[in-house]
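Asks: Can you read through this structure? Questions will come right after.
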Amino acid sequence: MKLDSGWIAARWKEISNSGEELTTTHPPSQSIKPWIEALVPGTVLGTLLKNKLIPDPFYGLENEAILDIADSGREYYTFWFFTRFQTNMSANAHAWLKFRGINYSAEVYLNGHKNVLPKGMFRRHTLDVTDILHNDGDNFLAVLVYPPDHPGRIPIEGGQGGDHDIGKDVATQYVQGWDWMAPIRDRNTGIWDEVSISFTGPVKISDPHLVSSFFDDLKRVYLHTTAEYTNVSSLAADCTLKVQVSIELEDGMCLIEHVETEDLAIPGGTSVLYTFQPLFFYRPNLWWPNGMGKQALYKVDISVDVKGYGESDSWSQLFGFRKIDSHIDPATGGRLFEVNGEPIFIRGGNWILSDGLLRLSEKRYETDIKFHAEMNFNMIRCWGGGLAERPEFYHYCDVYGLLVWQEFWITGDVDGRGVPVSNPNGPLDHNLFLECARDTIKLLRNHASLALWVGGNEQHPPDDINTALKNDLKLHPFFKLPEVDTNLMETHSWTKSHEDPSRYLDGTRLYIQGSLWDGFANGKGDFTDGPYEIQYPEDFFKDNFYKYGFNPEVGSVGIPVAATIRRSMPRESWQIPLFQLSDGYISEVPNPVWDYHKYIPYSKPGKVHNQIEMYGEPKNLDDFCEKAQLVNYIQYRALLEGWTSRMWTKYTGVLIWKTQNPWTGLRGQFYDHFHDQTAGFYGARSAAEPIHVQLNLATYFVEIVNTTSSPLSGVIVDTSVWELEGSCPYHKLSKSLSVPPKKTLPIFEMEYPKTKNAKPVYFLLLKLLDKSNSNILSRNFYWLHLTGGDYKPLEAYRSKRVPIRTSAKVTLVGQTYKAEMKVHNLSKESLHEGHSFLNIDHHHNHEELIETENINAKVEPANEKREGLLSRISSCVYARKEKQMQVAEIKGEHSGVAFFLHFAVHAATKNPKTGEDERILPVHYSDNYFSLVPGEVLPIDISFEVPTGTVPKIVLQGWNTHGHSLAVQETRH
């Protein structure tokens, strides 16, 4: 039973009652000051914000108005948390109060009884409350939570981790601020993870360990299962232990693969670590990373029955059969990962945490992880200054196929490097660190997605901790390279032997001492990751861009859309950066709020010319952010395509710094804190396709990328160049091609830029086709300029209006809207007079008028005369139903490429307070920020949920198309 509601909180100094009194004679209520509604799981700051007692630290400069713990003292953020609950405990049952995470230490009072919880953010606590619970009325629970012992100060100059004092504790280290994050004033103090009550009989199950071992080229697989069984009674218990393995079939049926029972006698008051006889599977369904195959997950149920009592306890876990290996590749020097014997080229991102105030939820985790899968990523690195991520995070990584690199709580900036050097020996309490590490390993080790343990970020742990972790995480012989003898299973009695792999603390995953060691960066611990700023797109393809085989951190820009800026800061802060010319290069001067939110420029004086001004000087916030999205798309597509171009010949993988922001930051992200994707999201998504066609921006060769395990045969590359007005001066169809698995293959050099009369800006469309059925395997659209040029001709192109037809079939499944969109560029090289229309399918049974609006009005085309009122405001559009698809068409008077189209979902009515459209977030798009050549049709799938009572509208806008929206009316399923 989760205790996740009904909590109240109060500052410790404002409460005169003791914990015993609060949970016996003087239970508080929310109606009595100073008690307020509490956020549990959550933090003190989250609770204060929930009650509007502090300004929003994620908005504007409001964080500066919140008292920092360094100035207030620890007592200011020492809080009581209180709740009452009822239980229905059966006779002879035992009750357990569980805390999955408290920061940093706590006193727990239940019905007048006190327990002191030890320190450490990353450890679980389980209390036997059998004799304390009231089974016939309210139970009163009060928890006094103390902040970290060493919260530290924030120097005026800021910096990575403040004054680094937080590194003396075993806690999140980002909370003193970083170059992507403002300081968290309470340092994440609170009951930040799940609280629950559970009931067992006389024998309880603790920390089962599941291990799969593979033999005969993955044909023979064994499941090893070990768990601790504790008899909490004083009498001996005759037990029947059971393990059951099942899998859900596609039709919703459940297939039981194995049921094994074994008998065990456990003396009273003792614990037994017991291992089942290994369960044999022949060719089970395997778990594969995203892009390599399906994520097959079996359900493993473990239970214990006690004679005379019945079922005493049970445990359940989804489990994937997979084998993960890694080694240093002799060809590149980079770490090469293999899953189920197949090499996997790593393309992923660095992860801090979902939310800086630890407002974590299963729903938010699912969105985060699904976003990574939709970008075609296959690995997430949990950075050492953040969290040991939660089981919910790992569950969705299991479901969506994201490998996880999990670091422990060491960062070079805080633990021995930087100014000041305050913690050269890491945390003060090394035993506490190891206790938290071992408990974290037990919490996470059964997840298929967990691929690697790493000691720290750009620093390894102190020698004694490092040695202990190496010993704790030593590999079982089954998981060492080279391959073990396949007869090893038959030569040992694994049931009784302490060498059974599930008897190890982990035994299945490699431990690397730090993120810059052993196949990462230069492999020697030197600071050789990065860079972290804007780059020329072609540079990512050059041999000298990065020297080493696997870069664990390379970053760039990532400002969000204008709507996010407006939501994140007051109107006076919407001023775009000032552009100053110095020594021939543009430098950007952001306003103070952008600077506070860690804005990173789109120019690098002396190295990279301003990439936004390549499209013309931005006129306002909307213009600036729209042009920034163009840069975001190109930047991240080029980054990943550059790495993939040298797959296995120079690189084994790359992790981008970073995928998202745990607050409203303005740098290095694929989606913002509100879950709206930048165009960089879709540039990365394109580049990381398992099968991909791309242009090498350094050599101008067209390349085919096949990262799958199967060869491609009978494929052709369709290459076409398009001018702004829609003419196609160059078209080439390759011969039939074959591409080996795990290979990047150059096909031919592009000819168009070398031809006469090449336009200064042109579009390139690459399509990889299956010759047998003309199916598109990969589609990639570039906008390019001649050497030494820029994209300023696109500015005048904004005045054009290309006709677009969009059809939509919208259904509602539960609370989720699913829209099947098709977008069609109706323009031709010669457009006849008459009306063109935008096709939208509403799924109603009658014809009606749909009123649309021009949503691009804020972006004024350069040197364009003001249009008349009738042409500035879209007219009503006639909608009709055609073959179950309601269709509407929007007028467009020009022919050409429909450039940089993007969907958004909004509430149909504007916010009455702000007058602004309210975005509906998150939204999942199969693609976005796309362009269409004349006659081209592109299907786009959209899914989203909306708050009760809200009518959504889907908005389409683009560089040179009228923006329109429609209220969604669905067919309910």
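By order in the structure tokens, chains are A, B, ...; within a chain, residues start at 1; ligands start at 1, following the order shown.
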Within 10 Å of Ile600 in chain A, counting only C-alpha atoms, which residues show up once you throw out same-chain ones fewer than 3 positions away? Write them as a ChimeraX atom specification, please.

Replies: /A:179-180,532-534,556-559,588,590,594-595,597,603-604,665-668

Asks: Just to be explicit: take each residue in the selection above, keep C-alpha atoms, and write the result as a PDB file, in the first residue's frame.

Replies:
```pdb
ATOM      1  CA  ASP A 179      26.471  25.542 -16.042  1.00  0.00           C
ATOM      2  CA  TRP A 180      23.050  24.191 -17.047  1.00  0.00           C
ATOM      3  CA  TYR A 532      29.954  21.658 -25.749  1.00  0.00           C
ATOM      4  CA  GLU A 533      29.279  24.589 -28.111  1.00  0.00           C
ATOM      5  CA  ILE A 534      27.960  25.361 -31.566  1.00  0.00           C
ATOM      6  CA  SER A 556      25.743  21.912 -28.350  1.00  0.00           C
ATOM      7  CA  VAL A 557      22.879  24.415 -28.416  1.00  0.00           C
ATOM      8  CA  GLY A 558      19.180  23.808 -27.840  1.00  0.00           C
ATOM      9  CA  ILE A 559      16.997  26.836 -27.169  1.00  0.00           C
ATOM     10  CA  GLU A 588      25.808  37.289 -28.666  1.00  0.00           C
ATOM     11  CA  PRO A 590      21.779  37.634 -23.895  1.00  0.00           C
ATOM     12  CA  TRP A 594      18.450  34.281 -20.482  1.00  0.00           C
ATOM     13  CA  ASP A 595      21.908  34.377 -18.999  1.00  0.00           C
ATOM     14  CA  HIS A 597      18.803  30.307 -17.510  1.00  0.00           C
ATOM     15  CA  SER A 603      28.046  31.600 -32.337  1.00  0.00           C
ATOM     16  CA  LYS A 604      31.564  31.034 -31.093  1.00  0.00           C
ATOM     17  CA  GLY A 665      17.233  25.925 -19.011  1.00  0.00           C
ATOM     18  CA  LEU A 666      18.022  27.258 -22.486  1.00  0.00           C
ATOM     19  CA  ARG A 667      20.872  25.036 -23.561  1.00  0.00           C
ATOM     20  CA  GLY A 668      21.776  21.552 -24.678  1.00  0.00           C
TER      21      GLY A 668
END
```

Asks: Can you list, as a PyMOL selection string, every protein, DNA or RNA residue that comes within 7 Å of range 454-463 of chain A when you count only C-alpha atoms, leaving out same-chain residues fewer than 4 positions away?

Replies: chain A and resi 383-384+406-412+425-426+467+511-516+525+527

Asks: Deliver the residues from the most recent selection as a file, using N, CA and C atoms, as a PDB file, in the first residue's frame.

Replies:
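Writing done, so here's result33.pdb:
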```
ATOM      1  N   TRP A 383      24.230  10.441 -15.354  1.00  0.00           N
ATOM      2  CA  TRP A 383      25.420  11.191 -14.945  1.00  0.00           C
ATOM      3  C   TRP A 383      25.589  11.170 -13.421  1.00  0.00           C
ATOM      4  N   GLY A 384      26.845  11.130 -12.985  1.00  0.00           N
ATOM      5  CA  GLY A 384      27.150  10.922 -11.576  1.00  0.00           C
ATOM      6  C   GLY A 384      26.734  12.025 -10.639  1.00  0.00           C
ATOM      7  N   GLN A 406      24.857   3.530 -15.644  1.00  0.00           N
ATOM      8  CA  GLN A 406      24.550   4.129 -14.341  1.00  0.00           C
ATOM      9  C   GLN A 406      25.823   4.448 -13.594  1.00  0.00           C
ATOM     10  N   GLU A 407      25.981   5.734 -13.267  1.00  0.00           N
ATOM     11  CA  GLU A 407      27.138   6.159 -12.494  1.00  0.00           C
ATOM     12  C   GLU A 407      26.785   6.286 -11.019  1.00  0.00           C
ATOM     13  N   PHE A 408      27.811   6.138 -10.190  1.00  0.00           N
ATOM     14  CA  PHE A 408      27.678   6.439  -8.770  1.00  0.00           C
ATOM     15  C   PHE A 408      27.969   7.929  -8.559  1.00  0.00           C
ATOM     16  N   TRP A 409      27.911   8.386  -7.313  1.00  0.00           N
ATOM     17  CA  TRP A 409      27.773   9.810  -7.005  1.00  0.00           C
ATOM     18  C   TRP A 409      29.128  10.473  -6.796  1.00  0.00           C
ATOM     19  N   ILE A 410      29.893  10.480  -7.880  1.00  0.00           N
ATOM     20  CA  ILE A 410      31.213  11.106  -7.910  1.00  0.00           C
ATOM     21  C   ILE A 410      31.275  11.965  -9.166  1.00  0.00           C
ATOM     22  N   THR A 411      31.660  13.236  -9.028  1.00  0.00           N
ATOM     23  CA  THR A 411      31.895  14.074 -10.210  1.00  0.00           C
ATOM     24  C   THR A 411      33.227  14.785 -10.063  1.00  0.00           C
ATOM     25  N   GLY A 412      33.982  14.839 -11.158  1.00  0.00           N
ATOM     26  CA  GLY A 412      35.304  15.446 -11.099  1.00  0.00           C
ATOM     27  C   GLY A 412      35.283  16.885 -10.625  1.00  0.00           C
ATOM     28  N   ASN A 425      39.278  13.477  -1.541  1.00  0.00           N
ATOM     29  CA  ASN A 425      39.072  12.097  -1.120  1.00  0.00           C
ATOM     30  C   ASN A 425      37.594  11.725  -1.133  1.00  0.00           C
ATOM     31  N   GLY A 426      36.815  12.456  -1.940  1.00  0.00           N
ATOM     32  CA  GLY A 426      35.409  12.115  -2.107  1.00  0.00           C
ATOM     33  C   GLY A 426      34.582  12.402  -0.875  1.00  0.00           C
ATOM     34  N   THR A 467      38.287   0.283  -5.082  1.00  0.00           N
ATOM     35  CA  THR A 467      38.677  -1.126  -4.907  1.00  0.00           C
ATOM     36  C   THR A 467      37.493  -1.958  -4.424  1.00  0.00           C
ATOM     37  N   TYR A 511      32.086  -3.119 -14.460  1.00  0.00           N
ATOM     38  CA  TYR A 511      32.297  -1.886 -13.704  1.00  0.00           C
ATOM     39  C   TYR A 511      33.495  -1.172 -14.286  1.00  0.00           C
ATOM     40  N   ILE A 512      33.305   0.101 -14.662  1.00  0.00           N
ATOM     41  CA  ILE A 512      34.378   0.974 -15.145  1.00  0.00           C
ATOM     42  C   ILE A 512      34.570   2.073 -14.104  1.00  0.00           C
ATOM     43  N   GLN A 513      35.791   2.383 -13.759  1.00  0.00           N
ATOM     44  CA  GLN A 513      36.029   3.277 -12.623  1.00  0.00           C
ATOM     45  C   GLN A 513      35.620   4.724 -12.867  1.00  0.00           C
ATOM     46  N   GLY A 514      35.556   5.160 -14.129  1.00  0.00           N
ATOM     47  CA  GLY A 514      35.167   6.538 -14.408  1.00  0.00           C
ATOM     48  C   GLY A 514      34.827   6.722 -15.865  1.00  0.00           C
ATOM     49  N   SER A 515      34.159   7.816 -16.183  1.00  0.00           N
ATOM     50  CA  SER A 515      33.628   8.020 -17.524  1.00  0.00           C
ATOM     51  C   SER A 515      34.701   8.313 -18.565  1.00  0.00           C
ATOM     52  N   LEU A 516      35.954   8.540 -18.153  1.00  0.00           N
ATOM     53  CA  LEU A 516      37.033   8.833 -19.095  1.00  0.00           C
ATOM     54  C   LEU A 516      38.084   7.736 -19.105  1.00  0.00           C
ATOM     55  N   GLY A 525      41.657   8.753 -18.268  1.00  0.00           N
ATOM     56  CA  GLY A 525      41.177   9.653 -17.230  1.00  0.00           C
ATOM     57  C   GLY A 525      41.454  11.114 -17.499  1.00  0.00           C
ATOM     58  N   PHE A 527      40.920  14.782 -19.270  1.00  0.00           N
ATOM     59  CA  PHE A 527      39.705  15.496 -19.645  1.00  0.00           C
ATOM     60  C   PHE A 527      39.647  15.602 -21.166  1.00  0.00           C
TER      61      PHE A 527
END
```

Asks: Using CA of Ser772 in chain A and CA of Gly293 in chain A as the two end points, give the distance in Å to one decimal.

Replies: 23.1 Å

Asks: May I have the residues within 8 Å of Asp193 in chain A as a PyMOL selection string, using only C-alpha atoms and disregarding those fewer than 6 positions away in the same chain?

Replies: chain A and resi 40-42+99-102

Asks: Which residues are near His258 in chain A? Cut-off 6 Å, only C-alpha atoms, ignore same chain within fewer than 2 positions. Put them as a short mmCIF file (atom, residue, chain, number, x, y, z; two decimals) with C-alpha atoms, in the first residue's frame.

Replies:
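Contents of the output file part00.cif:
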```cif
data_model
loop_
_atom_site.label_atom_id
_atom_site.label_comp_id
_atom_site.auth_asym_id
_atom_site.auth_seq_id
_atom_site.Cartn_x
_atom_site.Cartn_y
_atom_site.Cartn_z
CA GLN A 244 7.01 -19.01 -11.93
CA VAL A 245 8.03 -17.58 -15.30
CA ILE A 256 3.45 -20.00 -18.28
#
```

Asks: Quick one: residues within 9 Å of Leu357 in chain A, only C-alpha atoms counted, chain neighbours fewer than 6 positions away excluded, as a list in words?

Replies: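 Listed by chain and then number, they are Gly42, Thr43, Val44, Leu45, Gly46, Ile184, Asn188, Pro662 and Trp663 of chain A.
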
Asks: May I ask which of the residues A:Gly584, A:Pro34, A:Gly60, A:Gly385 is the closest one to Trp178 in chain A, counting only C-alpha atoms?

Replies: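 Once distances to Trp178 in chain A are computed over only C-alpha atoms, the minimum belongs to A:Gly385.
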
Asks: Can you list, as an MDAnalysis selection string, all residues belonging to range 168-293 of chain A that DSSP tags as strand (DSSP E or B)?

Replies: chainID A and resid 178 181 190 195:200 203:215 220:231 237:248 254:266 271:275 279:282 287

Asks: Here is a test: counting only C-alpha atoms, which residue of A:Ile324, A:Ala908, A:Val715, A:Ala331 is nearest to Leu510 in chain A?

Replies: A:Ile324

Asks: So the first atom is CA of Thr261 in chain A and the second is CA of Ser212 in chain A; what is the distance between them in Å, to one decimal place?

Replies: 18.8 Å

Asks: Can you pull out the residues contacting Glu194 in chain A? Cut-off 12 Å, using only C-alpha atoms, and skip same-chain residues under 4 positions away; I want them as a PyMOL selection string.

Replies: chain A and resi 1-5+39-42+97-102+123-126+190+358-362+390-392

Asks: Write to file, as a PDB file, in the first residue's frame, the residues of the selection just made, with N, CA and C atoms.

Replies:
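result_7.pdb was written with the following content:
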```
ATOM      1  N   MET A   1       0.852  -1.184   0.000  1.00  0.00           N
ATOM      2  CA  MET A   1       0.000   0.000   0.000  1.00  0.00           C
ATOM      3  C   MET A   1       0.892   1.240   0.000  1.00  0.00           C
ATOM      4  N   LYS A   2       0.792   2.041  -1.076  1.00  0.00           N
ATOM      5  CA  LYS A   2       1.587   3.255  -1.151  1.00  0.00           C
ATOM      6  C   LYS A   2       0.969   4.344  -0.284  1.00  0.00           C
ATOM      7  N   LEU A   3       1.810   5.075   0.424  1.00  0.00           N
ATOM      8  CA  LEU A   3       1.381   6.234   1.207  1.00  0.00           C
ATOM      9  C   LEU A   3       1.797   7.482   0.438  1.00  0.00           C
ATOM     10  N   ASP A   4       1.015   7.815  -0.572  1.00  0.00           N
ATOM     11  CA  ASP A   4       1.394   8.916  -1.457  1.00  0.00           C
ATOM     12  C   ASP A   4       0.361  10.032  -1.494  1.00  0.00           C
ATOM     13  N   SER A   5      -0.527  10.076  -0.520  1.00  0.00           N
ATOM     14  CA  SER A   5      -1.515  11.156  -0.465  1.00  0.00           C
ATOM     15  C   SER A   5      -1.850  11.436   0.997  1.00  0.00           C
ATOM     16  N   LEU A  39       3.932  17.550  -0.468  1.00  0.00           N
ATOM     17  CA  LEU A  39       4.209  16.768  -1.669  1.00  0.00           C
ATOM     18  C   LEU A  39       5.106  15.600  -1.272  1.00  0.00           C
ATOM     19  N   VAL A  40       4.516  14.416  -1.181  1.00  0.00           N
ATOM     20  CA  VAL A  40       5.257  13.193  -0.857  1.00  0.00           C
ATOM     21  C   VAL A  40       4.812  12.097  -1.823  1.00  0.00           C
ATOM     22  N   PRO A  41       5.723  11.521  -2.599  1.00  0.00           N
ATOM     23  CA  PRO A  41       7.146  11.826  -2.646  1.00  0.00           C
ATOM     24  C   PRO A  41       7.407  13.227  -3.195  1.00  0.00           C
ATOM     25  N   GLY A  42       8.480  13.813  -2.710  1.00  0.00           N
ATOM     26  CA  GLY A  42       8.842  15.152  -3.148  1.00  0.00           C
ATOM     27  C   GLY A  42       9.842  15.774  -2.206  1.00  0.00           C
ATOM     28  N   LEU A  97       7.030  -0.919   7.265  1.00  0.00           N
ATOM     29  CA  LEU A  97       7.006   0.456   6.768  1.00  0.00           C
ATOM     30  C   LEU A  97       8.287   0.687   5.974  1.00  0.00           C
ATOM     31  N   LYS A  98       8.125   1.077   4.707  1.00  0.00           N
ATOM     32  CA  LYS A  98       9.280   1.164   3.814  1.00  0.00           C
ATOM     33  C   LYS A  98       9.431   2.576   3.250  1.00  0.00           C
ATOM     34  N   PHE A  99      10.671   3.074   3.290  1.00  0.00           N
ATOM     35  CA  PHE A  99      11.038   4.341   2.658  1.00  0.00           C
ATOM     36  C   PHE A  99      12.072   4.017   1.579  1.00  0.00           C
ATOM     37  N   ARG A 100      11.770   4.384   0.330  1.00  0.00           N
ATOM     38  CA  ARG A 100      12.696   4.061  -0.750  1.00  0.00           C
ATOM     39  C   ARG A 100      13.733   5.155  -0.974  1.00  0.00           C
ATOM     40  N   GLY A 101      13.564   6.301  -0.304  1.00  0.00           N
ATOM     41  CA  GLY A 101      14.569   7.351  -0.431  1.00  0.00           C
ATOM     42  C   GLY A 101      14.205   8.567   0.383  1.00  0.00           C
ATOM     43  N   ILE A 102      15.103   8.952   1.304  1.00  0.00           N
ATOM     44  CA  ILE A 102      14.947  10.173   2.084  1.00  0.00           C
ATOM     45  C   ILE A 102      16.257  10.947   1.990  1.00  0.00           C
ATOM     46  N   ARG A 123      19.546   5.114  -0.260  1.00  0.00           N
ATOM     47  CA  ARG A 123      19.426   3.841   0.445  1.00  0.00           C
ATOM     48  C   ARG A 123      17.985   3.678   0.881  1.00  0.00           C
ATOM     49  N   ARG A 124      17.559   2.429   0.969  1.00  0.00           N
ATOM     50  CA  ARG A 124      16.199   2.120   1.403  1.00  0.00           C
ATOM     51  C   ARG A 124      16.188   1.854   2.905  1.00  0.00           C
ATOM     52  N   HIS A 125      15.001   2.034   3.492  1.00  0.00           N
ATOM     53  CA  HIS A 125      14.820   1.785   4.916  1.00  0.00           C
ATOM     54  C   HIS A 125      13.551   0.964   5.099  1.00  0.00           C
ATOM     55  N   THR A 126      13.654  -0.115   5.849  1.00  0.00           N
ATOM     56  CA  THR A 126      12.504  -0.973   6.131  1.00  0.00           C
ATOM     57  C   THR A 126      12.378  -1.146   7.635  1.00  0.00           C
ATOM     58  N   GLY A 190      13.967  16.135   1.616  1.00  0.00           N
ATOM     59  CA  GLY A 190      12.595  15.654   1.663  1.00  0.00           C
ATOM     60  C   GLY A 190      12.484  14.145   1.583  1.00  0.00           C
ATOM     61  N   LEU A 358      12.536  17.114  -7.945  1.00  0.00           N
ATOM     62  CA  LEU A 358      12.226  15.699  -7.704  1.00  0.00           C
ATOM     63  C   LEU A 358      10.722  15.442  -7.674  1.00  0.00           C
ATOM     64  N   ARG A 359       9.990  16.158  -8.531  1.00  0.00           N
ATOM     65  CA  ARG A 359       8.573  15.861  -8.715  1.00  0.00           C
ATOM     66  C   ARG A 359       8.492  14.738  -9.750  1.00  0.00           C
ATOM     67  N   LEU A 360       8.879  13.557  -9.297  1.00  0.00           N
ATOM     68  CA  LEU A 360       9.014  12.403 -10.179  1.00  0.00           C
ATOM     69  C   LEU A 360       7.705  11.634 -10.214  1.00  0.00           C
ATOM     70  N   SER A 361       7.376  11.111 -11.361  1.00  0.00           N
ATOM     71  CA  SER A 361       6.165  10.315 -11.477  1.00  0.00           C
ATOM     72  C   SER A 361       6.372   9.267 -12.560  1.00  0.00           C
ATOM     73  N   GLU A 362       5.628   8.189 -12.434  1.00  0.00           N
ATOM     74  CA  GLU A 362       5.726   7.133 -13.431  1.00  0.00           C
ATOM     75  C   GLU A 362       5.322   7.651 -14.806  1.00  0.00           C
ATOM     76  N   ARG A 390      15.461   5.630 -10.519  1.00  0.00           N
ATOM     77  CA  ARG A 390      14.438   4.863  -9.827  1.00  0.00           C
ATOM     78  C   ARG A 390      13.989   3.651 -10.640  1.00  0.00           C
ATOM     79  N   PRO A 391      13.403   2.655  -9.991  1.00  0.00           N
ATOM     80  CA  PRO A 391      12.908   1.477 -10.723  1.00  0.00           C
ATOM     81  C   PRO A 391      11.928   1.835 -11.835  1.00  0.00           C
ATOM     82  N   GLU A 392      11.121   2.887 -11.652  1.00  0.00           N
ATOM     83  CA  GLU A 392      10.179   3.284 -12.706  1.00  0.00           C
ATOM     84  C   GLU A 392      10.923   3.738 -13.961  1.00  0.00           C
TER      85      GLU A 392
END
```

Asks: If we count only C-alpha atoms, what is near Val232 in chain A at a cut-off of 7 Å, once residues fewer than 4 positions away on the same chain are taken out, given as JSON, numbers by chain?

Replies: {"A": [202, 203, 268, 269]}

Asks: I need the residues from that last selection saved to file as a CSV table (one decimal), in the first residue's frame (with N, CA, C and O atoms), if you can.

Replies:
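Okay, result_7.csv is ready:
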```csv
chain,number,residue,atom,x,y,z
A,202,PRO,N,5.0,-15.0,8.4
A,202,PRO,CA,6.2,-15.2,9.2
A,202,PRO,C,7.5,-15.1,8.4
A,202,PRO,O,8.6,-14.8,8.9
A,203,VAL,N,7.5,-15.4,7.1
A,203,VAL,CA,8.7,-15.4,6.2
A,203,VAL,C,8.5,-14.4,5.1
A,203,VAL,O,7.5,-14.3,4.4
A,268,GLY,N,13.6,-20.2,13.4
A,268,GLY,CA,13.1,-19.0,13.8
A,268,GLY,C,14.1,-17.9,14.0
A,268,GLY,O,15.3,-18.2,14.4
A,269,GLY,N,13.8,-16.7,13.6
A,269,GLY,CA,14.7,-15.5,13.8
A,269,GLY,C,16.0,-15.6,12.9
A,269,GLY,O,17.0,-14.9,13.3
```

Asks: Pick from A:Asn290, A:Ser738, A:Ser246, A:Thr644: nearest to Leu402 in chain A, with only C-alpha atoms counted?

Replies: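 Ranking A:Asn290, A:Ser738, A:Ser246, A:Thr644 by distance to Leu402 in chain A, first place goes to A:Asn290.
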
Asks: Rank nothing, just name the residue among A:Gly167, A:Pro477, A:Pro183, A:Pro118 nearest to Thr508 in chain A, using only C-alpha atoms.

Replies: A:Pro477

Asks: Could you jot down the CA of Phe81 in chain A to CA of Gly177 in chain A separation for me, Å, one decimal place?

Replies: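 Straight-line distance from CA of Phe81 in chain A to CA of Gly177 in chain A works out to 26.4 Å.
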
Asks: Using only C-alpha atoms, which residue out of A:Ile634, A:Val823, A:Ala236, A:Ile156 lies closest to Leu901 in chain A?

Replies: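 Ranking A:Ile634, A:Val823, A:Ala236, A:Ile156 by distance to Leu901 in chain A, first place goes to A:Val823.
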
Asks: Please determine, counting only C-alpha atoms, which residue among A:Pro803, A:Pro934, A:Pro560, A:Gly159 has the shortest atom-to-atom distance to Asn632 in chain A.

Replies: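 Among the listed residues, the smallest separation from Asn632 in chain A belongs to A:Pro560.
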